[in-house]
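What's in protein-v8.txt: compact mmCIF, C-alpha atoms
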```
# COMPACT_ATOMS: atom_id res chain seq x y z
CA MET A 287 10.96 17.29 -8.13
CA ALA A 288 10.60 13.50 -8.12
CA VAL A 289 8.75 11.47 -5.50
CA GLY A 290 9.54 7.78 -5.06
CA ILE A 291 7.05 4.93 -4.82
CA LEU A 292 8.26 1.54 -3.58
CA ASP A 293 6.49 -1.80 -3.70
CA SER A 294 7.45 -5.44 -3.49
CA GLY A 295 6.20 -5.88 -7.04
CA LEU A 296 3.34 -4.68 -9.23
CA GLY A 297 0.75 -3.80 -6.60
CA GLY A 298 2.13 -0.33 -6.03
CA LEU A 299 1.25 0.52 -9.61
CA THR A 300 -2.30 1.07 -8.34
CA VAL A 301 -0.88 3.88 -6.19
CA TYR A 302 1.36 5.11 -9.03
CA LYS A 303 -1.64 5.33 -11.37
CA ALA A 304 -3.73 7.27 -8.84
CA VAL A 305 -0.86 9.64 -8.03
CA SER A 306 -0.15 10.27 -11.72
CA GLU A 307 -3.80 11.02 -12.41
CA ARG A 308 -4.05 13.33 -9.39
CA MET A 309 -0.72 15.13 -10.10
CA PRO A 310 0.09 14.60 -13.79
CA ASP A 311 3.07 16.97 -13.74
CA LEU A 312 4.79 15.29 -10.79
CA PRO A 313 7.84 13.17 -11.75
CA VAL A 314 7.54 9.78 -10.06
CA VAL A 315 10.22 7.11 -9.75
CA TYR A 316 8.67 3.67 -9.22
CA TYR A 317 10.71 0.84 -7.69
CA GLY A 318 9.33 -2.70 -7.88
CA ASP A 319 11.29 -5.34 -5.98
CA ASN A 320 9.97 -8.07 -8.26
CA ALA A 321 12.96 -10.33 -7.61
CA HIS A 322 11.86 -10.69 -3.99
CA THR A 323 8.07 -10.48 -4.20
CA PRO A 324 6.00 -11.16 -2.19
CA TYR A 325 7.12 -9.49 1.03
CA GLY A 326 4.04 -10.77 2.85
CA THR A 327 5.51 -14.20 3.60
CA ARG A 328 8.93 -12.92 4.78
CA ASP A 329 10.09 -12.20 8.33
CA ALA A 330 10.42 -8.66 9.70
CA GLU A 331 14.21 -8.48 9.41
CA ASP A 332 14.16 -9.54 5.77
CA ILE A 333 11.40 -7.04 4.98
CA PHE A 334 13.35 -4.25 6.71
CA ASN A 335 16.53 -5.03 4.75
CA LEU A 336 14.77 -5.22 1.38
CA THR A 337 12.80 -2.05 2.05
CA THR A 338 15.84 0.00 3.03
CA VAL A 339 17.76 -1.16 -0.06
CA GLY A 340 14.89 -0.09 -2.32
CA THR A 341 14.36 3.19 -0.48
CA GLN A 342 18.05 4.05 -0.77
CA ARG A 343 17.86 3.41 -4.52
CA LEU A 344 15.02 5.93 -4.73
CA PHE A 345 16.98 8.46 -2.68
CA ASP A 346 19.87 7.97 -5.13
CA ALA A 347 17.44 8.66 -8.01
CA GLY A 348 16.73 12.14 -6.63
CA CYS A 349 13.71 11.45 -4.40
CA ASP A 350 13.61 13.13 -1.00
CA LEU A 351 10.19 11.64 -0.23
CA VAL A 352 9.38 7.95 -0.65
CA ILE A 353 5.95 6.35 -0.34
CA LEU A 354 5.97 2.72 0.77
CA ALA A 355 3.13 1.59 -1.48
CA CYS A 356 3.33 -1.78 0.24
CA ASN A 357 1.31 -2.50 3.36
CA THR A 358 3.72 -5.22 4.43
CA ALA A 359 6.70 -2.83 4.33
CA SER A 360 4.63 -0.12 6.03
CA ALA A 361 3.62 -2.55 8.77
CA ALA A 362 6.91 -4.37 9.32
CA ALA A 363 9.63 -1.85 8.47
CA LEU A 364 8.45 1.77 8.51
CA ARG A 365 8.53 2.45 12.25
CA ARG A 366 12.06 1.04 12.57
CA MET A 367 13.18 3.04 9.52
CA GLN A 368 11.79 6.24 11.00
CA ASP A 369 13.44 5.55 14.37
CA SER A 370 16.92 4.64 13.21
CA TRP A 371 17.57 4.67 9.47
CA ILE A 372 16.15 7.56 7.44
CA PRO A 373 18.79 10.26 6.70
CA ASP A 374 18.24 13.91 7.57
CA GLY A 375 16.28 15.75 4.91
CA LYS A 376 14.53 12.60 3.69
CA ARG A 377 11.04 11.30 4.51
CA VAL A 378 9.42 7.90 4.14
CA LEU A 379 5.65 7.56 4.48
CA GLY A 380 3.43 4.49 4.60
CA VAL A 381 -0.01 3.73 3.22
CA PHE A 382 -1.87 3.09 6.48
CA VAL A 383 -2.32 6.75 7.40
CA PRO A 384 -4.72 7.85 4.63
CA LEU A 385 -6.77 4.70 5.12
CA ILE A 386 -7.21 5.22 8.86
CA GLU A 387 -7.95 8.91 8.30
CA ALA A 388 -10.80 7.92 5.99
CA LEU A 389 -12.09 5.22 8.31
CA THR A 390 -12.06 7.42 11.43
CA GLU A 391 -12.93 10.69 9.65
CA ARG A 392 -10.16 12.57 11.43
CA GLU A 393 -6.79 13.92 10.31
CA TRP A 394 -3.61 12.15 11.38
CA GLY A 395 -2.42 15.22 13.29
CA ASP A 396 -5.57 15.22 15.43
CA ASN A 397 -4.20 14.06 18.80
CA SER A 398 -7.49 14.19 20.68
CA PRO A 399 -8.50 11.03 22.60
CA PRO A 400 -9.92 8.06 20.67
CA ARG A 401 -13.62 8.35 19.97
CA GLU A 402 -16.44 6.28 18.54
CA VAL A 403 -16.81 6.21 14.77
CA SER A 404 -19.66 5.17 12.50
CA VAL A 405 -18.02 1.92 11.41
CA LYS A 406 -18.20 -0.83 14.05
CA HIS A 407 -17.23 -4.07 12.30
CA VAL A 408 -14.23 -4.02 9.95
CA ALA A 409 -12.92 -6.90 7.86
CA LEU A 410 -9.21 -6.52 7.11
CA PHE A 411 -7.80 -8.44 4.14
CA ALA A 412 -4.00 -8.36 4.01
CA THR A 413 -0.83 -10.39 3.58
CA PRO A 414 0.23 -12.78 6.36
CA ALA A 415 3.03 -10.42 7.47
CA THR A 416 0.70 -7.41 7.68
CA VAL A 417 -1.85 -9.41 9.64
CA SER A 418 0.73 -10.77 12.10
CA SER A 419 2.18 -7.28 12.70
CA ARG A 420 -1.21 -5.99 13.95
CA ALA A 421 -0.02 -2.56 12.78
CA PHE A 422 -3.41 -1.59 11.40
CA GLN A 423 -5.20 -2.47 14.64
CA ARG A 424 -2.56 -0.61 16.69
CA GLU A 425 -2.82 2.59 14.69
CA LEU A 426 -6.62 2.42 14.61
CA ALA A 427 -6.81 1.98 18.39
CA PHE A 428 -5.02 5.31 18.88
CA ARG A 429 -7.88 7.07 17.11
CA ALA A 430 -11.08 5.07 17.48
CA ILE A 431 -12.89 3.04 20.10
CA GLY A 432 -15.54 0.38 19.77
CA VAL A 433 -14.32 -0.93 16.40
CA ASP A 434 -14.13 -4.69 16.02
CA VAL A 435 -11.44 -5.65 13.49
CA GLU A 436 -11.24 -9.18 12.13
CA ALA A 437 -8.20 -9.92 9.97
CA GLN A 438 -7.90 -12.46 7.18
CA ALA A 439 -4.44 -13.39 5.86
CA CYS A 440 -4.85 -13.76 2.11
CA GLY A 441 -2.10 -16.17 1.19
CA GLY A 442 -1.45 -16.70 -2.51
CA VAL A 443 -3.34 -13.68 -3.88
CA VAL A 444 -0.26 -11.53 -4.50
CA ASP A 445 1.58 -14.40 -6.21
CA ALA A 446 -1.40 -15.06 -8.50
CA ILE A 447 -1.64 -11.38 -9.46
CA GLU A 448 2.11 -11.13 -10.07
CA ASP A 449 1.93 -14.24 -12.26
CA GLY A 450 -1.03 -12.83 -14.19
CA ASP A 451 -3.22 -15.79 -13.20
CA MET A 452 -6.46 -13.91 -12.59
CA ILE A 453 -8.57 -17.08 -12.54
CA LEU A 454 -6.57 -18.32 -9.55
CA ALA A 455 -6.60 -14.84 -7.99
CA GLU A 456 -10.41 -14.75 -8.15
CA ALA A 457 -10.74 -18.22 -6.65
CA LEU A 458 -8.42 -17.29 -3.79
CA VAL A 459 -10.20 -13.99 -3.09
CA ARG A 460 -13.58 -15.73 -2.88
CA SER A 461 -12.11 -18.40 -0.61
CA HIS A 462 -10.62 -15.79 1.74
CA VAL A 463 -13.88 -13.81 1.81
CA ASP A 464 -15.76 -17.00 2.70
CA ALA A 465 -13.27 -17.61 5.53
CA MET A 466 -13.80 -14.05 6.76
CA LYS A 467 -17.58 -14.42 6.72
CA ARG A 468 -17.29 -17.43 9.01
CA LYS A 469 -15.51 -15.20 11.52
CA MET A 470 -17.43 -11.96 10.89
CA PRO A 471 -20.69 -12.63 9.03
CA LEU A 472 -21.80 -8.99 8.74
CA PRO A 473 -18.93 -6.49 8.41
CA ASP A 474 -19.78 -2.80 7.92
CA ALA A 475 -16.61 -2.17 5.95
CA ALA A 476 -13.74 -4.04 4.37
CA ILE A 477 -10.14 -2.85 4.18
CA LEU A 478 -8.07 -4.03 1.23
CA GLY A 479 -4.80 -3.87 3.12
CA CYS A 480 -2.49 -4.62 0.21
CA THR A 481 -1.89 -2.41 -2.81
CA HIS A 482 -2.17 -5.45 -5.09
CA TYR A 483 -5.78 -5.96 -4.08
CA PRO A 484 -7.37 -3.01 -5.95
CA ILE A 485 -6.58 -5.01 -9.09
CA VAL A 486 -9.21 -7.50 -7.88
CA GLU A 487 -11.36 -5.01 -5.94
CA ASP A 488 -14.47 -5.84 -7.97
CA ILE A 489 -14.13 -9.49 -6.95
CA PHE A 490 -13.82 -8.56 -3.26
CA GLN A 491 -16.89 -6.33 -3.59
CA ASP A 492 -18.94 -8.99 -5.34
CA ALA A 493 -17.99 -11.66 -2.81
CA LEU A 494 -18.66 -9.37 0.17
CA GLY A 495 -21.92 -7.97 -1.16
CA ALA A 496 -23.09 -4.49 -2.09
CA ASP A 497 -23.87 -3.50 1.51
CA VAL A 498 -20.20 -3.66 2.56
CA LYS A 499 -18.18 -0.50 1.94
CA VAL A 500 -14.79 -1.44 0.53
CA TYR A 501 -11.89 0.89 1.31
CA SER A 502 -9.13 0.73 -1.28
CA GLN A 503 -5.95 2.68 -0.76
CA ALA A 504 -4.76 4.06 -4.08
CA ASP A 505 -7.00 7.14 -4.38
CA LEU A 506 -6.76 7.87 -0.65
CA VAL A 507 -2.95 7.79 -0.80
CA ALA A 508 -2.87 10.03 -3.89
CA GLU A 509 -5.10 12.65 -2.29
CA SER A 510 -3.11 12.53 0.95
CA LEU A 511 0.18 12.92 -0.95
CA ALA A 512 -1.15 15.94 -2.85
CA ASP A 513 -2.12 17.57 0.43
CA TYR A 514 1.23 16.69 2.01
CA LEU A 515 3.24 18.22 -0.86
CA GLU A 516 1.08 21.34 -0.83
CA ARG A 517 1.98 21.83 2.83
CA ARG A 518 5.62 20.71 2.45
CA PRO A 519 6.82 21.61 -1.07
CA ASN A 520 10.40 21.38 0.17
CA MET A 521 10.03 17.58 0.17
CA LEU A 522 10.02 17.48 -3.62
CA GLY A 523 13.35 15.93 -4.54
CA ALA A 524 15.88 16.94 -7.15
CA GLY A 525 14.91 14.27 -9.68
CA LYS A 526 13.10 15.53 -12.78
CA VAL A 527 12.46 12.37 -14.80
CA SER A 528 9.80 9.74 -14.20
CA MET A 529 11.07 6.19 -14.49
CA PHE A 530 10.26 2.59 -13.61
CA LEU A 531 12.88 0.45 -11.87
CA THR A 532 12.77 -3.26 -11.07
CA THR A 533 14.99 -5.87 -9.45
CA GLY A 534 13.32 -8.47 -11.65
CA ASP A 535 13.48 -9.12 -15.38
CA PRO A 536 12.76 -5.72 -16.97
CA GLN A 537 11.09 -7.12 -20.10
CA ARG A 538 8.78 -9.46 -18.20
CA VAL A 539 7.88 -6.82 -15.61
CA SER A 540 7.28 -4.23 -18.36
CA ASP A 541 4.84 -6.55 -20.09
CA GLN A 542 2.98 -7.29 -16.86
CA ALA A 543 2.87 -3.63 -15.82
CA THR A 544 1.60 -2.57 -19.24
CA ARG A 545 -1.30 -4.98 -18.82
CA PHE A 546 -2.18 -3.57 -15.40
CA LEU A 547 -1.78 0.10 -16.34
CA ARG A 548 -3.31 -0.32 -19.82
CA ARG A 549 -0.51 1.79 -21.24
CA ARG A 550 3.11 1.05 -21.97
CA ALA A 551 5.43 1.02 -18.94
CA ASP A 552 9.10 0.37 -19.64
CA PHE A 553 11.02 -0.89 -16.62
CA HIS A 554 14.79 -0.70 -16.25
CA ALA A 555 17.14 -2.69 -14.04
CA ALA A 556 17.38 -1.13 -10.60
```
Here is a file; write its structure as structure tokens.
Amino acid sequence: MAVGILDSGLGGLTVYKAVSERMPDLPVVYYGDNAHTPYGTRDAEDIFNLTTVGTQRLFDAGCDLVILACNTASAAALRRMQDSWIPDGKRVLGVFVPLIEALTEREWGDNSPPREVSVKHVALFATPATVSSRAFQRELAFRAIGVDVEAQACGGVVDAIEDGDMILAEALVRSHVDAMKRKMPLPDAAILGCTHYPIVEDIFQDALGADVKVYSQADLVAESLADYLERRPNMLGAGKVSMFLTTGDPQRVSDQATRFLRRRADFHAA
């Protein structure tokens, strides 16, 4: 009954943790492509190739449904995968959908015309590749009107988190928030458009101020996945064992993941 979660590195563990807490009996196979992190500075073709390799590994592990817990992969690879790559009987979902559902207060299947929503000024913090794809703005425009989105490419934050250098990560976050404020001084809401960023969500919130609502993806994705599986139980794969896979050094990644999850996580070579 396993479901797969794929990320370029450790950031997807925020989604894994939320999913495990929401559905503790669900076997989850986590794939971290730590050997190639970060995806956010790569071109679209490279991201597509790496994402399909990782997704196929999760299919081979008994997962019929894979969550791309990586905004860069969701932005740069998912549409092409859905159009031309995903085998029959398999599904791959991204992490944008639950976020936009929350922001627009409408379900993804609601195909009514775009309408005004309560949020008018949105600050999007994401990787350079996600920002350049404009995938978030495109999907939002299908569902909402009158929303001004200003994007800030947060170079270096993922690398700092992956390296465990939280002092550098904080400095970079505050620098990127300052840059955003010069472009959009008074956002209503902020989107943390990378699954690494919940690890430093409190820093984003402090730098933005208490009046800015910060949308973080992990809990939204977990709730959306629970609803999806309730409606489509046939998408539970044949796998029955939870496991952690990495393309990086298993010992090093295990130690880093244990620090983030605050419980032991033993990774194995993918």
Who sits within 8 Å of Tyr302 in chain A, all atoms listed in the file, same chain under 2 positions skipped, as a ChimeraX atom specification: /A:291,298-300,304-306,314,316,504
For range 327-342 of chain A: contacts at 7 Å, only C-alpha atoms, fewer than 4 positions along chain excluded, given as a list in words: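 Neighbouring residues, sequence-local ones excluded: Leu292, Tyr317, Asp346, Val352, Ala359, Ala362, Ala363, Pro414 and Ala415 of chain A.
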Counting all atoms listed in the file, the option among A:Arg343, A:Arg392, A:Arg420, A:Arg538 closest to Gly450 in chain A: A:Arg538
Interatomic distance, CA of Ile431 in chain A to CA of Ser419 in chain A (Å, one decimal): 19.7 Å
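Each of A:Gly297, A:Gly290, A:Pro536, A:Gly375 was compared to Val315 in chain A using only C-alpha atoms, and A:Gly290 turns out to be the nearest.
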Distance of CA of Asp311 in chain A from CA of Gly525 in chain A, expressed in Å to one decimal place: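 Rounded to one decimal, the two atoms are 12.8 Å apart.
Pairwise distance (CA of Glu516 in chain A, CA of Val383 in chain A) equals 17.1 Å.
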Selected residue, from A:Gly318, A:Pro484, A:Pro384, A:Gly479, that lies nearest to Asp513 in chain A when counting only C-alpha atoms: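 Ranked by minimum distance to Asp513 in chain A, first place goes to A:Pro384.
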Proximity to Ala508 in chain A - best of A:Gly380, A:Gly295, A:Gly442, A:Gly326, all atoms listed in the file: A:Gly380
Polymer residues at most 8 Å from Leu506 in chain A, only C-alpha atoms, same-chain spacing of 3 or more positions, as a VMD selection string: chain A and resid 384 to 385 388 502 to 503 509 to 510
Close residues, range 459-469 of chain A itself excluded, 9 Å, all atoms listed in the file, min 4 positions apart in chain, as a PyMOL selection string: chain A and resi 409-411+436-441+443+454-455+473+486+489-490+492-494
Residues within 9 Å of Val378 in chain A, all atoms listed in the file, excluding chain neighbours under 2 positions, as a list of chain:residue names: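 Result of the neighbour search: A:Thr341, A:Asp350, A:Leu351, A:Val352, A:Ile353, A:Leu354, A:Leu364, A:Met367, A:Gln368, A:Ile372, A:Lys376, A:Gly380.
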Residue among A:Leu547, A:Leu296, A:Ala355, A:Ala361 lying closest to Ser418 in chain A, counting all atoms listed in the file: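 Looking at the shortest contact to Ser418 in chain A, the residue is A:Ala361.
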Nearest residue to Thr533 in chain A from the set A:Val408, A:Ala321, A:Cys349, A:Cys480 (distances using all atoms listed in the file):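 Answer, going by the shortest atom-to-atom distance: A:Ala321.
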Around all the atoms of range 337-350 of chain A listed in the file, with 3 Å of room on each side, what axis-aligned box do you get, giving centre and edge lengths in Å to one decimal, as AutoDock Vina command-line options?
```
--center_x 16.3 --center_y 5.5 --center_z -2.5 --size_x 13.1 --size_y 21.2 --size_z 17.0
```
Sel. within 12 Å of pt (-6.2, -0.3, 15.7), counting all atoms listed in the file, output as an MDAnalysis selection string: chainID A and resid 382:383 385:387 389:390 400 408 410 417 419:437
